[in-house]
file upload00.cif (mmCIF, C-alpha atoms)
data_model
#
loop_
_atom_site.label_atom_id
_atom_site.label_comp_id
_atom_site.auth_asym_id
_atom_site.auth_seq_id
_atom_site.Cartn_x
_atom_site.Cartn_y
_atom_site.Cartn_z
CA MET A 74 -13.42 77.68 111.82
CA GLY A 75 -10.89 79.19 114.20
CA GLY A 76 -11.90 82.72 113.26
CA THR A 77 -15.52 81.92 114.12
CA LEU A 78 -14.51 80.56 117.53
CA LEU A 79 -12.64 83.79 118.24
CA ARG A 80 -15.60 85.87 117.07
CA LEU A 81 -18.00 83.90 119.29
CA HIS A 82 -15.68 84.45 122.26
CA SER A 83 -15.63 88.18 121.55
CA LEU A 84 -19.45 88.16 121.68
CA GLY A 85 -19.37 86.66 125.17
CA TYR A 86 -20.07 83.01 124.34
CA ARG A 87 -18.18 80.05 125.79
CA THR A 88 -16.73 77.68 123.22
CA GLY A 89 -15.20 74.24 123.41
CA ILE A 90 -13.43 71.80 121.11
CA VAL A 91 -13.94 68.04 121.37
CA ASP A 92 -11.54 66.04 119.19
CA LEU A 93 -12.92 62.68 118.11
CA THR A 94 -9.47 61.12 117.71
CA ALA A 95 -5.94 61.78 118.90
CA GLY A 96 -4.47 61.90 115.38
CA GLU A 97 -2.12 59.05 116.18
CA MET A 98 -2.13 57.73 112.58
CA GLY A 99 -0.81 61.00 111.17
CA THR A 100 2.28 60.86 108.97
CA ARG A 101 4.08 63.65 110.82
CA GLY A 102 4.34 64.17 114.56
CA THR A 103 3.59 61.90 117.47
CA ARG A 104 0.46 61.53 119.56
CA GLU A 105 2.21 63.61 122.23
CA ASP A 106 3.15 66.32 119.69
CA ARG A 107 -0.43 66.61 118.52
CA ALA A 108 -1.84 66.74 122.03
CA ARG A 109 0.58 69.53 122.95
CA GLU A 110 -0.17 71.47 119.76
CA ALA A 111 -3.93 71.05 120.22
CA ALA A 112 -3.69 72.47 123.73
CA GLU A 113 -1.72 75.48 122.49
CA ALA A 114 -4.18 76.09 119.65
CA ALA A 115 -7.14 75.86 122.05
CA GLU A 116 -5.56 78.52 124.26
CA LEU A 117 -5.00 80.78 121.26
CA LEU A 118 -8.62 80.25 120.18
CA LYS A 119 -9.79 81.07 123.73
CA ALA A 120 -11.73 77.80 124.00
CA SER A 121 -13.00 76.99 127.48
CA VAL A 122 -12.69 73.25 126.87
CA ARG A 123 -10.50 71.02 124.74
CA ARG A 124 -10.50 67.26 125.09
CA SER A 125 -10.07 64.16 122.94
CA LEU A 126 -12.53 61.27 122.94
CA ASP A 127 -9.76 59.15 121.38
CA LEU A 128 -12.15 57.06 119.26
CA GLY A 129 -9.46 55.67 116.97
CA ASP A 130 -7.66 57.62 114.27
CA GLY A 131 -8.11 56.27 110.74
CA ARG A 132 -11.04 54.03 111.70
CA LEU A 133 -13.72 56.41 112.89
CA GLY A 134 -17.32 55.40 112.25
CA ALA A 135 -20.84 55.76 113.63
CA SER A 136 -20.87 52.65 115.83
CA SER A 137 -22.89 52.24 119.00
CA GLU A 138 -19.72 52.88 121.03
CA THR A 139 -18.66 56.04 119.22
CA LYS A 140 -22.19 57.48 119.23
CA ARG A 141 -22.46 56.91 122.96
CA ALA A 142 -19.14 58.68 123.56
CA VAL A 143 -20.25 61.73 121.56
CA VAL A 144 -23.70 61.70 123.18
CA GLU A 145 -22.09 61.78 126.63
CA ALA A 146 -19.87 64.72 125.62
CA ILE A 147 -22.91 66.62 124.33
CA ARG A 148 -24.84 65.89 127.51
CA GLU A 149 -21.89 66.98 129.64
CA TYR A 150 -21.23 70.33 127.93
CA LYS A 151 -24.80 71.05 126.71
CA PRO A 152 -23.87 73.12 123.63
CA THR A 153 -26.45 75.30 121.95
CA LEU A 154 -24.76 74.83 118.56
CA VAL A 155 -22.56 71.97 117.41
CA PHE A 156 -20.11 72.36 114.51
CA THR A 157 -18.65 69.39 112.66
CA ASN A 158 -17.06 68.39 109.36
CA TYR A 159 -19.13 68.40 106.20
CA PRO A 160 -19.54 64.66 105.42
CA GLU A 161 -17.46 64.69 102.24
CA ASN A 162 -13.71 65.00 102.60
CA ASN A 163 -10.49 63.35 101.47
CA HIS A 164 -9.80 62.18 105.02
CA PRO A 165 -12.19 59.31 105.89
CA ASP A 166 -12.36 60.34 109.55
CA HIS A 167 -13.50 63.82 108.54
CA THR A 168 -16.17 62.32 106.30
CA ALA A 169 -17.30 59.95 109.06
CA SER A 170 -17.42 62.62 111.76
CA GLY A 171 -20.28 64.55 110.11
CA PRO A 172 -22.90 61.78 110.31
CA LEU A 173 -21.54 60.55 113.65
CA VAL A 174 -21.91 63.94 115.33
CA ALA A 175 -25.30 64.64 113.71
CA GLU A 176 -26.71 61.30 114.89
CA ALA A 177 -25.28 61.77 118.37
CA ALA A 178 -26.74 65.29 118.61
CA TYR A 179 -30.20 63.82 118.05
CA LEU A 180 -29.74 60.80 120.29
CA ALA A 181 -28.43 62.99 123.11
CA GLY A 182 -31.93 64.43 123.50
CA LEU A 183 -33.67 61.07 123.92
CA LYS A 184 -34.64 60.35 127.52
CA ASN A 185 -34.37 56.60 127.08
CA TYR A 186 -31.05 56.56 125.23
CA GLU A 187 -28.65 54.70 127.51
CA ALA A 188 -25.72 56.99 128.16
CA ASP A 189 -24.44 59.05 131.06
CA GLY A 190 -25.85 62.52 131.59
CA GLU A 191 -29.19 64.26 131.37
CA PRO A 192 -30.85 64.50 127.93
CA HIS A 193 -29.80 67.54 125.90
CA ARG A 194 -30.25 68.30 122.22
CA PRO A 195 -28.40 71.19 120.51
CA ASN A 196 -30.45 73.65 118.48
CA ARG A 197 -28.52 72.92 115.28
CA VAL A 198 -25.65 70.94 113.81
CA LEU A 199 -23.63 73.14 111.46
CA TYR A 200 -20.99 71.94 109.00
CA TYR A 201 -17.62 73.49 108.15
CA LEU A 202 -15.05 72.59 105.45
CA VAL A 203 -17.82 72.97 102.88
CA PRO A 204 -16.76 71.56 99.46
CA HIS A 205 -16.37 74.04 96.62
CA LYS A 206 -19.29 72.52 94.70
CA ILE A 207 -21.68 73.15 97.63
CA ALA A 208 -23.05 76.65 98.14
CA PRO A 209 -22.57 77.72 101.79
CA SER A 210 -25.71 78.38 103.81
CA PHE A 211 -24.00 81.36 105.40
CA ILE A 212 -20.55 82.91 105.84
CA ILE A 213 -19.21 84.53 109.00
CA ASP A 214 -17.03 87.64 108.70
CA ILE A 215 -13.78 86.81 110.52
CA THR A 216 -11.76 89.79 109.28
CA ALA A 217 -10.98 91.04 112.79
CA PHE A 218 -9.98 87.55 113.91
CA HIS A 219 -8.06 86.14 110.96
CA ASP A 220 -4.62 86.86 112.39
CA GLY A 221 -5.60 85.04 115.58
CA LYS A 222 -6.89 82.10 113.59
CA MET A 223 -3.62 81.81 111.68
CA ARG A 224 -1.62 81.90 114.91
CA ALA A 225 -3.65 78.88 116.06
CA VAL A 226 -3.07 77.08 112.75
CA ARG A 227 0.67 77.68 113.06
CA ALA A 228 0.61 76.04 116.50
CA TYR A 229 0.55 72.67 114.69
CA VAL A 230 4.24 72.88 113.90
CA SER A 231 4.76 69.13 113.52
CA GLN A 232 2.36 69.10 110.56
CA LEU A 233 3.54 72.25 108.77
CA HIS A 234 6.50 72.93 106.49
CA SER A 235 9.91 73.14 108.12
CA ASP A 236 13.55 73.20 107.06
CA ASP A 237 13.91 69.58 108.19
CA GLU A 238 13.56 67.82 104.85
CA SER A 239 13.94 64.39 106.49
CA ALA A 240 10.33 64.49 107.66
CA PRO A 241 7.80 62.80 105.32
CA ALA A 242 6.03 65.19 102.96
CA THR A 243 2.27 65.65 103.21
CA TYR A 244 -0.31 67.99 101.71
CA ILE A 245 -0.28 70.12 104.86
CA SER A 246 3.53 70.26 105.00
CA GLN A 247 3.80 71.87 101.55
CA PRO A 248 5.32 75.39 101.69
CA GLY A 249 2.19 76.96 100.19
CA PHE A 250 -0.36 75.39 102.54
CA LEU A 251 -0.81 78.41 104.83
CA THR A 252 -1.16 80.64 101.78
CA ARG A 253 -3.99 78.42 100.54
CA VAL A 254 -5.74 78.62 103.91
CA GLU A 255 -5.60 82.41 103.67
CA ALA A 256 -6.75 82.35 100.04
CA LEU A 257 -9.82 80.28 100.93
CA ASP A 258 -10.74 82.67 103.73
CA ARG A 259 -10.26 85.62 101.36
CA TYR A 260 -12.51 83.94 98.79
CA HIS A 261 -15.29 83.34 101.31
CA GLY A 262 -14.86 86.86 102.62
CA SER A 263 -15.21 88.29 99.10
CA LEU A 264 -18.64 86.62 98.82
CA ILE A 265 -19.93 88.75 101.71
CA ASP A 266 -18.01 91.98 101.02
CA ALA A 267 -15.45 91.23 103.75
CA ASP A 268 -11.71 90.65 103.77
CA PHE A 269 -11.94 87.17 105.34
CA GLY A 270 -14.78 84.74 105.94
CA GLU A 271 -15.55 81.19 107.03
CA ALA A 272 -18.29 79.19 105.30
CA PHE A 273 -20.88 76.91 106.90
CA TYR A 274 -23.62 74.61 105.69
CA LEU A 275 -26.99 73.97 107.31
CA ARG A 276 -29.13 71.04 106.17
CA GLU A 277 -32.39 72.66 107.24
CA ALA A 278 -34.00 75.85 105.96
CA MET A 279 -33.26 78.96 108.04
CA LYS A 280 -36.06 80.94 109.62
CA VAL A 281 -35.82 84.74 109.33
CA ASP A 282 -38.28 86.74 111.42
CA ASP A 283 -37.31 90.22 110.24
CA PRO A 284 -35.72 90.28 106.76
CA LEU A 285 -35.09 94.03 106.97
CA GLN A 286 -33.00 93.61 110.09
CA PHE A 287 -31.34 90.47 108.77
CA PHE A 288 -30.30 92.15 105.52
CA ASP A 289 -29.18 95.31 107.22
CA HIS A 290 -26.68 96.74 104.71
CA PRO A 291 -26.20 97.11 100.96
CA PHE A 292 -24.48 94.20 99.22
CA THR A 293 -22.28 94.24 96.12
CA ARG A 294 -22.38 90.99 94.15
CA ILE A 295 -19.02 89.81 92.82
CA THR A 296 -19.44 87.89 89.56
#

call {"tool": "encode", "arguments": {"input": "upload00.cif", "output": "structure tokens"}}
result
Amino acid sequence: MGGTLLRLHSLGYRTGIVDLTAGEMGTRGTREDRAREAAEAAELLKASVRRSLDLGDGRLGASSETKRAVVEAIREYKPTLVFTNYPENNHPDHTASGPLVAEAAYLAGLKNYEADGEPHRPNRVLYYLVPHKIAPSFIIDITAFHDGKMRAVRAYVSQLHSDDESAPATYISQPGFLTRVEALDRYHGSLIDADFGEAFYLREAMKVDDPLQFFDHPFTRIT
């Protein structure tokens, strides 16, 4: 959702990225590599905050300890919206992060929940990396920000394809990975008559006060 972060920044909003783990179990790159790359990507995405809660790569779950850590981050930064992984993904940490963050977002608003900080509950938890079989709740046009997003993706050089064939091969290190990222954004963009888009899922129904203003331009359905 890098394009969405850049779009939100362009609209005058402050954004932040809280990593749940440090990625230390990754096949390629070291913990230090990933921390350096994350910092560079955050700068490219114009995020005001980037930090890692370091909750344990490869063993993330919704325990009392991890929920408290996320609650305290939410109470500290007081986000209006929280974005997290859709809870169905090949990587178990990605799958686990969806329920963990959603539970913490609710608990953060409870006065008697024992954690540092004043109670705060975000307005919504929104999910990215929506599986193909799930219809997105909405798609954000990132056409003007796609190049910036891809620059941030390419900041993770330790994970991407290189001429050094001695490094272990992974899905992300395949030569065509960046092309597939672009293809997915083009697909989501085509669903909203845009060049590039990023898809999100919302568990609750959306309230629309003025449907004429909400649907403010003609739409061409692609079948």

call {"tool": "closest_residue", "arguments": {"input": "upload00.cif", "among": "A:Leu251, A:Leu233, A:Leu79, A:Ala95", "to": "Glu116 of chain A", "atoms": "all atoms listed in the file"}}
result
A:Leu79

call {"tool": "residues_around", "arguments": {"input": "upload00.cif", "residues": "segment 253-266 of chain A", "least_positions_apart": "2", "cutoff": "7 Å", "atoms": "all atoms listed in the file", "output": "list in words"}}
result
Ile212, Asp214, Gly249, Phe250, Leu251, Asp268, Phe269, Gly270, Glu271, Ala272, Thr293 and Ile295 of chain A

call {"tool": "atom_distance", "arguments": {"input": "upload00.cif", "atom1": "atom CA of Val144 of chain A", "atom2": "atom CA of Ala178 of chain A"}}
result
6.6 Å

call {"tool": "atom_distance", "arguments": {"input": "upload00.cif", "atom1": "atom CA of Glu161 of chain A", "atom2": "atom CA of Gly134 of chain A"}}
result
13.7 Å

call {"tool": "closest_residue", "arguments": {"input": "upload00.cif", "among": "A:Arg104, A:Arg80, A:Arg109, A:Arg148", "to": "Tyr229 of chain A", "atoms": "only C-alpha atoms"}}
result
A:Arg109

call {"tool": "atom_distance", "arguments": {"input": "upload00.cif", "atom1": "atom CA of Pro241 of chain A", "atom2": "atom CA of Arg101 of chain A"}}
result
6.7 Å

call {"tool": "closest_residue", "arguments": {"input": "upload00.cif", "among": "A:Lys151, A:Val230, A:Asn162, A:Ile213", "to": "Asn196 of chain A", "atoms": "only C-alpha atoms"}}
result
A:Lys151

call {"tool": "axis_aligned_box", "arguments": {"input": "upload00.cif", "around": "segment 177-190 of chain A", "padding_each_side": "6 Å", "output": "lines of an AutoDock Vina configuration file"}}
result
center_x = -29.5
center_y = 60.0
center_z = 124.8
size_x = 22.2
size_y = 22.6
size_z = 25.5

call {"tool": "residues_around", "arguments": {"input": "upload00.cif", "residues": "Ser170 of chain A", "least_positions_apart": "6", "cutoff": "10 Å", "atoms": "all atoms listed in the file", "output": "ChimeraX atom specification"}}
result
/A:93,133-135,157-161,176

call {"tool": "write_last_selection", "arguments": {"input": "upload00.cif", "atoms": "C-alpha atoms", "output": "compact mmCIF listing (two decimals), in the coordinates of the input"}}
result
# COMPACT_ATOMS: atom_id res chain seq x y z
CA LEU A 93 -12.92 62.68 118.11
CA LEU A 133 -13.72 56.41 112.89
CA GLY A 134 -17.32 55.40 112.25
CA ALA A 135 -20.84 55.76 113.63
CA THR A 157 -18.65 69.39 112.66
CA ASN A 158 -17.06 68.39 109.36
CA TYR A 159 -19.13 68.40 106.20
CA PRO A 160 -19.54 64.66 105.42
CA GLU A 161 -17.46 64.69 102.24
CA GLU A 176 -26.71 61.30 114.89

call {"tool": "closest_residue", "arguments": {"input": "upload00.cif", "among": "A:Gly221, A:Thr252, A:Phe211, A:Ser136", "to": "His234 of chain A", "atoms": "all atoms listed in the file"}}
result
A:Thr252

call {"tool": "closest_residue", "arguments": {"input": "upload00.cif", "among": "A:Ala115, A:Lys280, A:Asp127, A:Asp106", "to": "Val226 of chain A", "atoms": "all atoms listed in the file"}}
result
A:Ala115

call {"tool": "closest_residue", "arguments": {"input": "upload00.cif", "among": "A:Val91, A:Leu199, A:Ala225, A:Ala142", "to": "Glu187 of chain A", "atoms": "all atoms listed in the file"}}
result
A:Ala142

call {"tool": "residues_around", "arguments": {"input": "upload00.cif", "residues": "Arg123 of chain A", "least_positions_apart": "5", "cutoff": "10 Å", "atoms": "only C-alpha atoms", "output": "list in words"}}
result
Thr88, Gly89, Ile90, Val91, Asp92, Ala111, Ala112, Ala114, Ala115 and Glu116 of chain A

call {"tool": "residues_near_point", "arguments": {"input": "upload00.cif", "point": "(-22.9, 64.9, 123.9)", "cutoff": "10 Å", "atoms": "all atoms listed in the file", "output": "VMD selection string"}}
result
chain A and resid 91 140 to 152 155 174 177 to 182 188 to 195

call {"tool": "resolve_selection", "arguments": {"input": "upload00.cif", "expression": "the PyMOL selection byres ((chain A and resi 76) around 7)", "output": "count of residues only"}}
result
10
